[in-house]
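Q: Contents are mmCIF, C-alpha atoms and all ligand atoms; file name coords-v6.cif:
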```
data_target
loop_
_atom_site.group_PDB
_atom_site.id
_atom_site.type_symbol
_atom_site.label_atom_id
_atom_site.label_comp_id
_atom_site.auth_asym_id
_atom_site.auth_seq_id
_atom_site.Cartn_x
_atom_site.Cartn_y
_atom_site.Cartn_z
ATOM 1 C CA MET W 1 -174.237 -94.908 6.606
ATOM 2 C CA ILE W 2 -175.279 -96.402 3.250
ATOM 3 C CA VAL W 3 -174.902 -94.145 0.194
ATOM 4 C CA VAL W 4 -176.724 -94.950 -3.061
ATOM 5 C CA SER W 5 -175.434 -93.308 -6.237
ATOM 6 C CA ALA W 6 -177.646 -92.564 -9.280
ATOM 7 C CA ALA W 7 -180.579 -92.857 -6.892
ATOM 8 C CA THR W 8 -182.920 -90.789 -9.081
ATOM 9 C CA GLY W 9 -182.949 -93.657 -11.590
ATOM 10 C CA ARG W 10 -185.506 -96.460 -11.672
ATOM 11 C CA LEU W 11 -183.285 -99.040 -9.958
ATOM 12 C CA GLY W 12 -181.856 -96.601 -7.408
ATOM 13 C CA ARG W 13 -185.281 -95.393 -6.284
ATOM 14 C CA LEU W 14 -186.410 -98.970 -5.676
ATOM 15 C CA VAL W 15 -183.225 -99.705 -3.708
ATOM 16 C CA VAL W 16 -183.817 -96.669 -1.481
ATOM 17 C CA ASP W 17 -187.405 -97.830 -0.854
ATOM 18 C CA HIS W 18 -186.122 -101.226 0.281
ATOM 19 C CA LEU W 19 -183.373 -99.691 2.407
ATOM 20 C CA LEU W 20 -185.907 -97.483 4.202
ATOM 21 C CA ASP W 21 -187.804 -100.677 5.136
ATOM 22 C CA ARG W 22 -184.636 -102.009 6.754
ATOM 23 C CA VAL W 23 -182.696 -99.120 8.325
ATOM 24 C CA PRO W 24 -183.546 -95.645 9.680
ATOM 25 C CA ALA W 25 -183.608 -92.861 7.074
ATOM 26 C CA THR W 26 -180.797 -91.156 8.995
ATOM 27 C CA ASP W 27 -178.541 -94.054 7.901
ATOM 28 C CA VAL W 28 -179.257 -93.522 4.188
ATOM 29 C CA ALA W 29 -177.814 -90.926 1.811
ATOM 30 C CA VAL W 30 -178.045 -90.584 -1.954
ATOM 31 C CA ALA W 31 -175.492 -89.189 -4.398
ATOM 32 C CA VAL W 32 -177.335 -87.746 -7.398
ATOM 33 C CA ARG W 33 -176.313 -85.483 -10.253
ATOM 34 C CA ASP W 34 -179.495 -83.400 -10.015
ATOM 35 C CA VAL W 35 -180.557 -82.846 -6.406
ATOM 36 C CA SER W 36 -183.801 -81.188 -7.539
ATOM 37 C CA LYS W 37 -184.998 -84.640 -8.666
ATOM 38 C CA ALA W 38 -184.601 -86.024 -5.139
ATOM 39 C CA THR W 39 -186.709 -83.623 -3.061
ATOM 40 C CA ASP W 40 -189.122 -86.477 -2.295
ATOM 41 C CA LEU W 41 -186.243 -88.500 -0.848
ATOM 42 C CA ALA W 42 -185.120 -85.527 1.271
ATOM 43 C CA ALA W 43 -188.698 -85.261 2.566
ATOM 44 C CA ARG W 44 -188.434 -88.883 3.710
ATOM 45 C CA GLY W 45 -185.340 -88.016 5.771
ATOM 46 C CA VAL W 46 -182.690 -89.208 3.326
ATOM 47 C CA ASP W 47 -179.530 -87.092 3.097
ATOM 48 C CA VAL W 48 -179.463 -85.862 -0.511
ATOM 49 C CA ARG W 49 -175.969 -85.080 -1.809
ATOM 50 C CA HIS W 50 -174.728 -83.843 -5.166
ATOM 51 C CA GLY W 51 -172.706 -86.577 -6.851
ATOM 52 C CA ASP W 52 -172.006 -86.374 -10.583
ATOM 53 C CA TYR W 53 -169.860 -89.091 -12.192
ATOM 54 C CA ASP W 54 -168.275 -86.342 -14.312
ATOM 55 C CA VAL W 55 -167.330 -84.145 -11.310
ATOM 56 C CA PRO W 56 -164.844 -85.955 -9.021
ATOM 57 C CA SER W 57 -164.940 -83.340 -6.241
ATOM 58 C CA SER W 58 -168.716 -83.770 -5.928
ATOM 59 C CA LEU W 59 -168.236 -87.528 -5.591
ATOM 60 C CA ARG W 60 -165.683 -87.320 -2.771
ATOM 61 C CA ARG W 61 -168.060 -85.129 -0.751
ATOM 62 C CA ALA W 62 -171.079 -87.263 -1.635
ATOM 63 C CA PHE W 63 -169.408 -90.503 -0.514
ATOM 64 C CA ALA W 64 -168.053 -89.165 2.812
ATOM 65 C CA GLY W 65 -168.796 -91.402 5.792
ATOM 66 C CA ALA W 66 -170.113 -94.312 3.694
ATOM 67 C CA ASP W 67 -169.798 -97.739 5.285
ATOM 68 C CA ALA W 68 -171.296 -99.074 2.067
ATOM 69 C CA LEU W 69 -171.701 -97.356 -1.290
ATOM 70 C CA LEU W 70 -174.113 -98.765 -3.858
ATOM 71 C CA PHE W 71 -172.369 -97.716 -7.046
ATOM 72 C CA ILE W 72 -175.020 -97.940 -9.771
ATOM 73 C CA SER W 73 -173.408 -98.138 -13.193
ATOM 74 C CA SER W 74 -173.747 -95.047 -15.374
ATOM 75 C CA SER W 75 -176.568 -94.907 -17.908
ATOM 76 C CA ASP W 76 -174.281 -92.991 -20.275
ATOM 77 C CA ILE W 77 -173.775 -95.835 -22.741
ATOM 78 C CA GLU W 78 -173.529 -93.680 -25.872
ATOM 79 C CA SER W 79 -170.608 -91.348 -25.172
ATOM 80 C CA GLY W 80 -167.774 -93.820 -24.719
ATOM 81 C CA GLN W 81 -167.086 -92.139 -21.355
ATOM 82 C CA ARG W 82 -168.670 -94.771 -19.148
ATOM 83 C CA VAL W 83 -165.528 -96.581 -18.005
ATOM 84 C CA ASP W 84 -163.819 -93.250 -17.283
ATOM 85 C CA GLN W 85 -166.856 -92.205 -15.225
ATOM 86 C CA HIS W 86 -166.683 -95.493 -13.338
ATOM 87 C CA ARG W 87 -162.947 -95.090 -12.650
ATOM 88 C CA ARG W 88 -163.698 -91.621 -11.212
ATOM 89 C CA VAL W 89 -166.357 -93.073 -8.929
ATOM 90 C CA ILE W 90 -164.001 -95.790 -7.654
ATOM 91 C CA ALA W 91 -161.135 -93.310 -7.100
ATOM 92 C CA ALA W 92 -163.436 -90.922 -5.225
ATOM 93 C CA ALA W 93 -164.753 -93.770 -3.080
ATOM 94 C CA GLY W 94 -161.174 -94.692 -2.191
ATOM 95 C CA ASP W 95 -160.319 -91.054 -1.378
ATOM 96 C CA ALA W 96 -163.477 -90.706 0.746
ATOM 97 C CA GLY W 97 -162.630 -93.835 2.762
ATOM 98 C CA VAL W 98 -165.699 -95.816 1.698
ATOM 99 C CA ARG W 99 -165.500 -99.150 3.504
ATOM 100 C CA ARG W 100 -167.237 -101.276 0.827
ATOM 101 C CA ILE W 101 -168.330 -100.585 -2.739
ATOM 102 C CA VAL W 102 -171.251 -102.634 -4.020
ATOM 103 C CA TYR W 103 -171.280 -102.328 -7.815
ATOM 104 C CA THR W 104 -174.166 -103.121 -10.200
ATOM 105 C CA SER W 105 -172.307 -105.054 -12.885
ATOM 106 C CA GLY W 106 -173.740 -107.169 -15.684
ATOM 107 C CA LEU W 107 -174.226 -110.923 -15.805
ATOM 108 C CA GLY W 108 -171.290 -112.357 -17.754
ATOM 109 C CA ALA W 109 -168.997 -109.373 -17.160
ATOM 110 C CA ASP W 110 -166.445 -111.567 -15.423
ATOM 111 C CA VAL W 111 -165.671 -113.185 -18.802
ATOM 112 C CA VAL W 112 -166.984 -110.956 -21.627
ATOM 113 C CA GLU W 113 -164.553 -108.195 -22.599
ATOM 114 C CA GLU W 114 -166.507 -106.410 -25.349
ATOM 115 C CA GLY W 115 -169.494 -104.095 -25.637
ATOM 116 C CA VAL W 116 -171.550 -103.031 -22.636
ATOM 117 C CA LEU W 117 -170.434 -106.101 -20.682
ATOM 118 C CA GLY W 118 -166.834 -105.178 -21.524
ATOM 119 C CA GLU W 119 -167.380 -101.847 -19.729
ATOM 120 C CA HIS W 120 -168.553 -103.733 -16.660
ATOM 121 C CA HIS W 121 -165.548 -106.068 -17.080
ATOM 122 C CA ALA W 122 -163.164 -103.076 -17.056
ATOM 123 C CA THR W 123 -164.961 -101.645 -14.024
ATOM 124 C CA GLU W 124 -164.659 -104.930 -12.137
ATOM 125 C CA HIS W 125 -160.907 -104.819 -12.835
ATOM 126 C CA ALA W 126 -160.707 -101.203 -11.626
ATOM 127 C CA LEU W 127 -162.472 -102.271 -8.430
ATOM 128 C CA ALA W 128 -159.987 -105.116 -7.938
ATOM 129 C CA ASP W 129 -157.077 -102.709 -8.486
ATOM 130 C CA SER W 130 -158.501 -100.078 -6.108
ATOM 131 C CA GLY W 131 -157.851 -102.007 -2.912
ATOM 132 C CA VAL W 132 -161.295 -100.964 -1.626
ATOM 133 C CA PRO W 133 -163.325 -103.969 -0.390
ATOM 134 C CA HIS W 134 -166.120 -104.553 -2.873
ATOM 135 C CA THR W 135 -168.992 -106.760 -3.952
ATOM 136 C CA VAL W 136 -170.212 -107.093 -7.530
ATOM 137 C CA LEU W 137 -173.877 -107.654 -8.280
ATOM 138 C CA ARG W 138 -173.952 -109.109 -11.808
ATOM 139 C CA ASN W 139 -177.463 -108.214 -12.866
ATOM 140 C CA PRO W 140 -179.183 -109.914 -15.814
ATOM 141 C CA ILE W 141 -181.177 -107.926 -18.354
ATOM 142 C CA TYR W 142 -184.265 -106.388 -16.739
ATOM 143 C CA SER W 143 -187.512 -108.246 -17.487
ATOM 144 C CA GLU W 144 -189.057 -104.819 -18.048
ATOM 145 C CA PHE W 145 -187.180 -104.548 -21.350
ATOM 146 C CA PHE W 146 -189.420 -107.265 -22.750
ATOM 147 C CA LEU W 147 -192.651 -105.902 -21.245
ATOM 148 C CA ASN W 148 -193.547 -103.036 -23.504
ATOM 149 C CA PRO W 149 -196.530 -101.759 -25.473
ATOM 150 C CA GLY W 150 -195.597 -104.346 -28.114
ATOM 151 C CA LEU W 151 -197.091 -107.024 -25.868
ATOM 152 C CA LEU W 152 -200.461 -105.282 -25.813
ATOM 153 C CA ALA W 153 -200.248 -104.974 -29.608
ATOM 154 C CA ALA W 154 -199.507 -108.731 -29.759
ATOM 155 C CA ILE W 155 -202.706 -109.414 -27.801
ATOM 156 C CA GLU W 156 -204.655 -107.208 -30.230
ATOM 157 C CA ARG W 157 -203.113 -109.014 -33.218
ATOM 158 C CA GLY W 158 -203.392 -112.461 -31.634
ATOM 159 C CA GLU W 159 -199.759 -113.150 -32.484
ATOM 160 C CA LEU W 160 -196.351 -112.667 -30.849
ATOM 161 C CA THR W 161 -193.206 -112.919 -32.959
ATOM 162 C CA SER W 162 -189.504 -113.093 -32.133
ATOM 163 C CA SER W 163 -186.192 -114.213 -33.572
ATOM 164 C CA THR W 164 -185.092 -116.002 -30.385
ATOM 165 C CA GLN W 165 -185.382 -119.571 -31.750
ATOM 166 C CA GLY W 166 -187.013 -120.662 -28.497
ATOM 167 C CA ARG W 167 -183.887 -120.017 -26.422
ATOM 168 C CA GLY W 168 -184.270 -119.258 -22.734
ATOM 169 C CA MET W 169 -184.104 -115.843 -21.061
ATOM 170 C CA ASN W 170 -182.962 -115.434 -17.462
ATOM 171 C CA THR W 171 -184.176 -111.863 -16.933
ATOM 172 C CA ALA W 172 -185.179 -110.479 -13.519
ATOM 173 C CA THR W 173 -187.299 -107.516 -12.514
ATOM 174 C CA ARG W 174 -185.784 -104.255 -11.319
ATOM 175 C CA ALA W 175 -187.864 -104.677 -8.169
ATOM 176 C CA ASP W 176 -186.235 -108.015 -7.296
ATOM 177 C CA LEU W 177 -182.746 -106.809 -8.201
ATOM 178 C CA ALA W 178 -183.265 -103.673 -6.090
ATOM 179 C CA GLU W 179 -184.439 -105.686 -3.112
ATOM 180 C CA ALA W 180 -181.424 -107.984 -3.495
ATOM 181 C CA ALA W 181 -179.113 -104.954 -3.561
ATOM 182 C CA ALA W 182 -180.680 -103.649 -0.337
ATOM 183 C CA VAL W 183 -180.206 -107.057 1.315
ATOM 184 C CA VAL W 184 -176.534 -107.134 0.288
ATOM 185 C CA LEU W 185 -175.977 -103.530 1.431
ATOM 186 C CA THR W 186 -177.333 -104.325 4.890
ATOM 187 C CA ASN W 187 -175.354 -107.578 5.170
ATOM 188 C CA SER W 188 -172.229 -107.029 7.273
ATOM 189 C CA ALA W 189 -170.326 -109.811 5.466
ATOM 190 C CA PRO W 190 -171.536 -110.069 1.862
ATOM 191 C CA ALA W 191 -169.870 -112.324 -0.724
ATOM 192 C CA ALA W 192 -167.391 -110.904 -3.234
ATOM 193 C CA GLY W 193 -169.874 -111.363 -6.047
ATOM 194 C CA TYR W 194 -173.339 -112.554 -6.988
ATOM 195 C CA ASP W 195 -174.512 -113.755 -10.404
ATOM 196 C CA PHE W 196 -178.192 -112.870 -10.354
ATOM 197 C CA THR W 197 -180.586 -114.693 -12.680
ATOM 198 C CA GLY W 198 -184.353 -114.919 -12.839
ATOM 199 C CA SER W 199 -186.045 -118.200 -13.767
ATOM 200 C CA LEU W 200 -185.951 -119.061 -17.466
ATOM 201 C CA TRP W 201 -188.694 -118.099 -19.877
ATOM 202 C CA THR W 202 -189.017 -118.270 -23.672
ATOM 203 C CA TYR W 203 -190.972 -116.261 -26.234
ATOM 204 C CA PRO W 204 -193.337 -119.152 -27.042
ATOM 205 C CA GLU W 205 -194.088 -119.300 -23.289
ATOM 206 C CA LEU W 206 -194.572 -115.531 -23.249
ATOM 207 C CA ALA W 207 -197.232 -115.921 -25.988
ATOM 208 C CA ALA W 208 -198.946 -118.548 -23.807
ATOM 209 C CA PHE W 209 -198.823 -116.199 -20.760
ATOM 210 C CA LEU W 210 -200.374 -113.425 -22.874
ATOM 211 C CA SER W 211 -203.211 -115.758 -23.911
ATOM 212 C CA GLU W 212 -203.772 -116.902 -20.354
ATOM 213 C CA VAL W 213 -203.829 -113.500 -18.672
ATOM 214 C CA SER W 214 -205.747 -111.675 -21.429
ATOM 215 C CA GLY W 215 -208.233 -114.472 -22.115
ATOM 216 C CA ARG W 216 -207.595 -113.994 -25.851
ATOM 217 C CA PRO W 217 -205.687 -116.416 -28.092
ATOM 218 C CA VAL W 218 -202.112 -115.298 -28.861
ATOM 219 C CA SER W 219 -200.074 -117.614 -31.090
ATOM 220 C CA TYR W 220 -196.311 -117.558 -31.491
ATOM 221 C CA ARG W 221 -194.415 -117.215 -34.766
ATOM 222 C CA GLU W 222 -190.641 -117.352 -35.252
ATOM 223 C CA VAL W 223 -189.231 -114.683 -37.586
ATOM 224 C CA ALA W 224 -185.816 -114.611 -39.247
ATOM 225 C CA GLU W 225 -185.058 -110.901 -38.918
ATOM 226 C CA ASP W 226 -184.120 -109.139 -35.662
ATOM 227 C CA GLU W 227 -186.076 -105.956 -34.932
ATOM 228 C CA GLY W 228 -185.571 -103.136 -32.418
ATOM 229 C CA PHE W 229 -183.637 -104.157 -29.283
ATOM 230 C CA MET W 230 -183.248 -107.673 -30.758
ATOM 231 C CA THR W 231 -180.769 -106.321 -33.318
ATOM 232 C CA VAL W 232 -178.459 -105.776 -30.307
ATOM 233 C CA ILE W 233 -179.073 -108.910 -28.259
ATOM 234 C CA GLY W 234 -180.683 -111.374 -30.719
ATOM 235 C CA PRO W 235 -177.396 -113.111 -31.677
ATOM 236 C CA ALA W 236 -176.443 -113.585 -28.004
ATOM 237 C CA ILE W 237 -179.902 -114.943 -27.166
ATOM 238 C CA ARG W 238 -179.718 -117.449 -30.042
ATOM 239 C CA ALA W 239 -176.262 -118.516 -28.820
ATOM 240 C CA GLY W 240 -177.805 -119.352 -25.433
ATOM 241 C CA ALA W 241 -175.995 -116.542 -23.578
ATOM 242 C CA PHE W 242 -179.063 -115.799 -21.440
ATOM 243 C CA GLU W 243 -179.686 -119.344 -20.253
ATOM 244 C CA LEU W 244 -177.294 -119.408 -17.295
ATOM 245 C CA GLN W 245 -179.111 -120.251 -14.055
ATOM 246 C CA THR W 246 -177.749 -119.666 -10.562
ATOM 247 C CA GLY W 247 -179.377 -119.746 -7.140
ATOM 248 C CA ASP W 248 -177.878 -116.386 -6.087
ATOM 249 C CA LEU W 249 -180.949 -114.170 -6.508
ATOM 250 C CA GLU W 250 -183.280 -116.634 -4.796
ATOM 251 C CA SER W 251 -180.814 -117.168 -1.967
ATOM 252 C CA VAL W 252 -180.275 -113.413 -1.352
ATOM 253 C CA LEU W 253 -184.027 -112.663 -1.533
ATOM 254 C CA GLY W 254 -184.936 -115.711 0.572
ATOM 255 C CA ARG W 255 -187.782 -116.404 -1.879
ATOM 256 C CA THR W 256 -188.362 -117.251 -5.522
ATOM 257 C CA PRO W 257 -187.863 -114.227 -7.821
ATOM 258 C CA ALA W 258 -190.982 -112.916 -9.575
ATOM 259 C CA SER W 259 -191.922 -115.144 -12.520
ATOM 260 C CA LEU W 260 -192.378 -113.553 -15.908
ATOM 261 C CA ARG W 261 -195.934 -114.903 -15.960
ATOM 262 C CA ASP W 262 -196.788 -112.893 -12.826
ATOM 263 C CA VAL W 263 -195.140 -109.780 -14.176
ATOM 264 C CA VAL W 264 -196.972 -110.122 -17.506
ATOM 265 C CA ALA W 265 -200.255 -110.506 -15.627
ATOM 266 C CA GLY W 266 -199.515 -107.252 -13.780
ATOM 267 C CA VAL W 267 -198.773 -105.411 -17.035
ATOM 268 C CA VAL W 268 -201.877 -106.690 -18.847
ATOM 269 C CA HIS W 269 -204.234 -106.125 -15.915
ATOM 270 C CA HIS W 270 -202.782 -102.660 -15.307
ATOM 271 C CA ALA W 271 -203.282 -101.765 -18.985
ATOM 272 C CA ALA W 272 -206.850 -103.095 -18.805
ATOM 273 C CA ALA W 273 -207.525 -100.919 -15.756
ATOM 274 C CA VAL W 274 -206.174 -97.712 -17.302
HETATM 275 N N1 LIG H 1 -179.632 -104.875 -16.415
HETATM 276 C C1 LIG H 1 -180.199 -104.180 -17.395
HETATM 277 O O1 LIG H 1 -181.066 -104.679 -18.155
HETATM 278 C C2 LIG H 1 -179.808 -102.762 -17.624
HETATM 279 C C3 LIG H 1 -180.377 -102.071 -18.669
HETATM 280 C C4 LIG H 1 -180.055 -100.733 -18.863
HETATM 281 C C5 LIG H 1 -179.171 -100.137 -18.027
HETATM 282 N N2 LIG H 1 -178.605 -100.846 -17.009
HETATM 283 C C6 LIG H 1 -177.628 -100.234 -16.099
HETATM 284 O O2 LIG H 1 -178.208 -100.196 -14.809
HETATM 285 C C7 LIG H 1 -178.199 -98.843 -14.311
HETATM 286 C C8 LIG H 1 -179.425 -98.604 -13.459
HETATM 287 O O3 LIG H 1 -180.587 -98.872 -14.224
HETATM 288 P P1 LIG H 1 -181.847 -97.908 -14.142
HETATM 289 O O4 LIG H 1 -182.956 -98.667 -14.728
HETATM 290 O O5 LIG H 1 -181.974 -97.321 -12.786
HETATM 291 O O6 LIG H 1 -181.412 -96.727 -15.158
HETATM 292 P P2 LIG H 1 -182.092 -95.280 -15.263
HETATM 293 O O7 LIG H 1 -183.477 -95.300 -14.761
HETATM 294 O O8 LIG H 1 -181.839 -94.822 -16.659
HETATM 295 O O9 LIG H 1 -181.254 -94.377 -14.253
HETATM 296 C C9 LIG H 1 -179.915 -94.033 -14.555
HETATM 297 C C10 LIG H 1 -179.408 -93.166 -13.429
HETATM 298 O O10 LIG H 1 -178.034 -92.827 -13.742
HETATM 299 C C11 LIG H 1 -177.885 -91.452 -13.417
HETATM 300 N N3 LIG H 1 -176.745 -90.879 -14.096
HETATM 301 C C12 LIG H 1 -176.547 -90.797 -15.418
HETATM 302 N N4 LIG H 1 -175.402 -90.117 -15.662
HETATM 303 C C13 LIG H 1 -174.908 -89.768 -14.452
HETATM 304 C C14 LIG H 1 -173.755 -89.039 -14.033
HETATM 305 N N5 LIG H 1 -172.913 -88.493 -14.917
HETATM 306 N N6 LIG H 1 -173.537 -88.880 -12.713
HETATM 307 C C15 LIG H 1 -174.402 -89.403 -11.803
HETATM 308 N N7 LIG H 1 -175.494 -90.087 -12.141
HETATM 309 C C16 LIG H 1 -175.754 -90.264 -13.452
HETATM 310 C C17 LIG H 1 -179.183 -90.827 -13.846
HETATM 311 O O11 LIG H 1 -179.318 -89.536 -13.280
HETATM 312 P P3 LIG H 1 -180.514 -88.540 -13.731
HETATM 313 O O12 LIG H 1 -181.721 -88.979 -12.939
HETATM 314 O O13 LIG H 1 -180.011 -87.205 -13.321
HETATM 315 O O14 LIG H 1 -180.707 -88.706 -15.203
HETATM 316 C C18 LIG H 1 -180.165 -91.837 -13.281
HETATM 317 O O15 LIG H 1 -180.359 -91.592 -11.906
HETATM 318 C C19 LIG H 1 -178.141 -97.985 -15.563
HETATM 319 O O16 LIG H 1 -177.551 -96.729 -15.271
HETATM 320 C C20 LIG H 1 -177.264 -98.823 -16.481
HETATM 321 O O17 LIG H 1 -175.883 -98.656 -16.214
HETATM 322 C C21 LIG H 1 -178.930 -102.137 -16.777
#
```
Using structure tokens, write down the structure that the file contains.

A:
Amino acid sequence: MIVVSAATGRLGRLVVDHLLDRVPATDVAVAVRDVSKATDLAARGVDVRHGDYDVPSSLRRAFAGADALLFISSSDIESGQRVDQHRRVIAAAGDAGVRRIVYTSGLGADVVEEGVLGEHHATEHALADSGVPHTVLRNPIYSEFFLNPGLLAAIERGELTSSTQGRGMNTATRADLAEAAAVVLTNSAPAAGYDFTGSLWTYPELAAFLSEVSGRPVSYREVAEDEGFMTVIGPAIRAGAFELQTGDLESVLGRTPASLRDVVAGVVHHAAAV
């Protein structure tokens, strides 16, 4: 039995889709905090269980019988409770006799001890201390974070701006990371950890992709000030923190991960069709 936690989220839903392509639905269960959001999964034959990271007793029941648990990190990044939630999940998995925990960590969490990555770092240590066999999937930032209505506005304006100083970004799509998680979950002898990276892209290249797929000229201009999400990650991007490249995602998928150009084409063509 494979149990997926937080399966009503965007990543979890994609993982369940990929699992159902690989194993019978009777071998898949989900642990979700709101079972009413998972009626579609129940209709597909998935065992829907209540599992709230804030309610340890629900987690022990939800994880019962799991050969593998995909522990998707909590989305509660505001409250300061995230590491406590994660420790509860790991303790409940140990109590329930889960045979392997597969945890969605963050790329760089093996070394970075502060911020969001620091929470993943603490969770990786809690996993090591738990004695439960585990695998960490160090996911990069989702490509989807950079594919937003702002891109369509950039096409309208004919100009894309950023404060990235041309540094590379190793993002990957949720779809590829979800498929990789499903492959690892169905592997009887996975590695202890994977550092997933997509192939590098830069903002000037993104402007060129926008021109190419829209058929309209989009130039690139560097700006000094960070805006929006860039106020959080701009300094790390400029320091080259997102330029690490590994072969782990390609090797687990058995194919090249989706390129940003292809994903941008999908976004622009979808918007054009709406
Ligand atoms: N790599 C990246 O770029 C990146 C970016 C953002 C976040 N993340 C991390 O990756 C995780 C998965 O990403 P995603 O895109 O699937 O996020 P998402 O769509 O926001 O889904 C988050 C999931 O976490 C569940 N959840 C929140 N609090 C919970 C609790 N107390 N107990 C049980 N479940 C709880 C939510 O349940 P409900 O459906 O009931 O709300 C939802 O199913 C996120 O939770 C976050 O830790 C990664």

Q: On this structure, the PyMOL selection byres (((chain W and resi 3) around 9) and not hetatm) would catch which residues? List them as an mmCIF file with C-alpha atoms, keeping the file's coordinate frame, sorted by chain and number.

A:
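In the end it all went to selection-v2.cif:
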```
data_model
loop_
_atom_site.group_PDB
_atom_site.id
_atom_site.type_symbol
_atom_site.label_atom_id
_atom_site.label_comp_id
_atom_site.auth_asym_id
_atom_site.auth_seq_id
_atom_site.Cartn_x
_atom_site.Cartn_y
_atom_site.Cartn_z
ATOM 1 C CA MET W 1 -174.237 -94.908 6.606
ATOM 2 C CA ILE W 2 -175.279 -96.402 3.250
ATOM 3 C CA VAL W 4 -176.724 -94.950 -3.061
ATOM 4 C CA SER W 5 -175.434 -93.308 -6.237
ATOM 5 C CA ASP W 27 -178.541 -94.054 7.901
ATOM 6 C CA VAL W 28 -179.257 -93.522 4.188
ATOM 7 C CA ALA W 29 -177.814 -90.926 1.811
ATOM 8 C CA VAL W 30 -178.045 -90.584 -1.954
ATOM 9 C CA ALA W 31 -175.492 -89.189 -4.398
ATOM 10 C CA ASP W 47 -179.530 -87.092 3.097
ATOM 11 C CA ALA W 62 -171.079 -87.263 -1.635
ATOM 12 C CA PHE W 63 -169.408 -90.503 -0.514
ATOM 13 C CA ALA W 64 -168.053 -89.165 2.812
ATOM 14 C CA GLY W 65 -168.796 -91.402 5.792
ATOM 15 C CA ALA W 66 -170.113 -94.312 3.694
ATOM 16 C CA ASP W 67 -169.798 -97.739 5.285
ATOM 17 C CA ALA W 68 -171.296 -99.074 2.067
ATOM 18 C CA LEU W 69 -171.701 -97.356 -1.290
ATOM 19 C CA LEU W 70 -174.113 -98.765 -3.858
ATOM 20 C CA PHE W 71 -172.369 -97.716 -7.046
#
```

Q: Taking only C-alpha atoms and all ligand atoms into account, which of W:Ser130, W:Phe196, W:Ser162, W:Asp40 comes nearest ligand LIG 1 (chain H)?

A: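 For ligand LIG 1 (chain H), the nearest of the candidates is W:Phe196.
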
Q: Could you tell me, counting all atoms listed in the file, which protein and nucleic acid residues lie no more than 6 Å from ligand LIG 1 (chain H), written as an NGL selection string?

A: :W and (6-12 or 32-34 or 51-54 or 72-76 or 139-142)

Q: Which residues match the PyMOL selection byres (((chain W and resi 210-225) around 8) and not hetatm) in the file above, as a count of residues only?

A: 24

Q: Please compute the CA of Ala271 in chain W-CA of Leu14 in chain W distance, one decimal, in Å.

A: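 Going from CA of Ala271 in chain W over to CA of Leu14 in chain W, I get 21.7 Å.
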
Q: Name the closest residue to Thr171 in chain W among the candidates W:Leu147, W:Val267, W:Ile77, W:Ala153; distances are taken between atoms, counting all atoms listed in the file.

A: W:Leu147

Q: What is the CA of Ala182 in chain W-CA of Val102 in chain W distance in Å, reported with one decimal?

A: 10.2 Å

Q: Please evaluate the PyMOL selection byres (((chain W and resi 197) around 7) and not hetatm) against the displayed coordinates and give the resulting residues as a PDB file with C-alpha atoms, in the frame of the given file.

A:
```pdb
ATOM      1  CA  PRO W 140    -179.183-109.914 -15.814  1.00  0.00           C
ATOM      2  CA  ASN W 170    -182.962-115.434 -17.462  1.00  0.00           C
ATOM      3  CA  THR W 171    -184.176-111.863 -16.933  1.00  0.00           C
ATOM      4  CA  ALA W 172    -185.179-110.479 -13.519  1.00  0.00           C
ATOM      5  CA  ASP W 195    -174.512-113.755 -10.404  1.00  0.00           C
ATOM      6  CA  PHE W 196    -178.192-112.870 -10.354  1.00  0.00           C
ATOM      7  CA  GLY W 198    -184.353-114.919 -12.839  1.00  0.00           C
ATOM      8  CA  SER W 199    -186.045-118.200 -13.767  1.00  0.00           C
ATOM      9  CA  GLN W 245    -179.111-120.251 -14.055  1.00  0.00           C
ATOM     10  CA  THR W 246    -177.749-119.666 -10.562  1.00  0.00           C
ATOM     11  CA  LEU W 249    -180.949-114.170  -6.508  1.00  0.00           C
TER      12      LEU W 249
END
```

Q: Need to verify the contact set: Gly131 in chain W, 12 Å, all atoms listed in the file, exclusion of same-chain residues closer than 5 positions in sequence. Can you return it as a ChimeraX atom specification?

A: /W:90-91,93-95,97-101,124-126

Q: Write the selection just made, keeping C-alpha atoms, as a tab-separated table (two decimals), keeping the file's coordinate frame?

A:
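Saved as selection39.tsv:
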```tsv
chain	number	residue	atom	x	y	z
W	90	ILE	CA	-164.00	-95.79	-7.65
W	91	ALA	CA	-161.14	-93.31	-7.10
W	93	ALA	CA	-164.75	-93.77	-3.08
W	94	GLY	CA	-161.17	-94.69	-2.19
W	95	ASP	CA	-160.32	-91.05	-1.38
W	97	GLY	CA	-162.63	-93.84	2.76
W	98	VAL	CA	-165.70	-95.82	1.70
W	99	ARG	CA	-165.50	-99.15	3.50
W	100	ARG	CA	-167.24	-101.28	0.83
W	101	ILE	CA	-168.33	-100.58	-2.74
W	124	GLU	CA	-164.66	-104.93	-12.14
W	125	HIS	CA	-160.91	-104.82	-12.84
W	126	ALA	CA	-160.71	-101.20	-11.63
```

Q: Using Å and a single decimal, report how far CA of Phe229 in chain W sits from CA of Arg82 in chain W.

A: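 Result for CA of Arg82 in chain W versus CA of Phe229 in chain W: 20.4 Å, one decimal.
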
Q: Which residue, W:Ile233, W:Val16, W:Ala38, W:Leu177, has the smallest gap to Val116 in chain W when you use only C-alpha atoms?

A: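 Smallest separation from Val116 in chain W among the options: W:Ile233.
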
Q: Using all atoms listed in the file, which of W:Ala122, W:Ala92, W:Gly166, W:Pro149 sits nearest Asp110 in chain W?

A: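 With all atoms listed in the file as the atom set, the closest residue is W:Ala122.
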
Q: With distances taken over only C-alpha atoms, which residue among W:Thr256, W:Gln81, W:Ser36, W:Thr202 lies nearest Phe146 in chain W?

A: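 Among the listed residues, the smallest separation from Phe146 in chain W belongs to W:Thr202.
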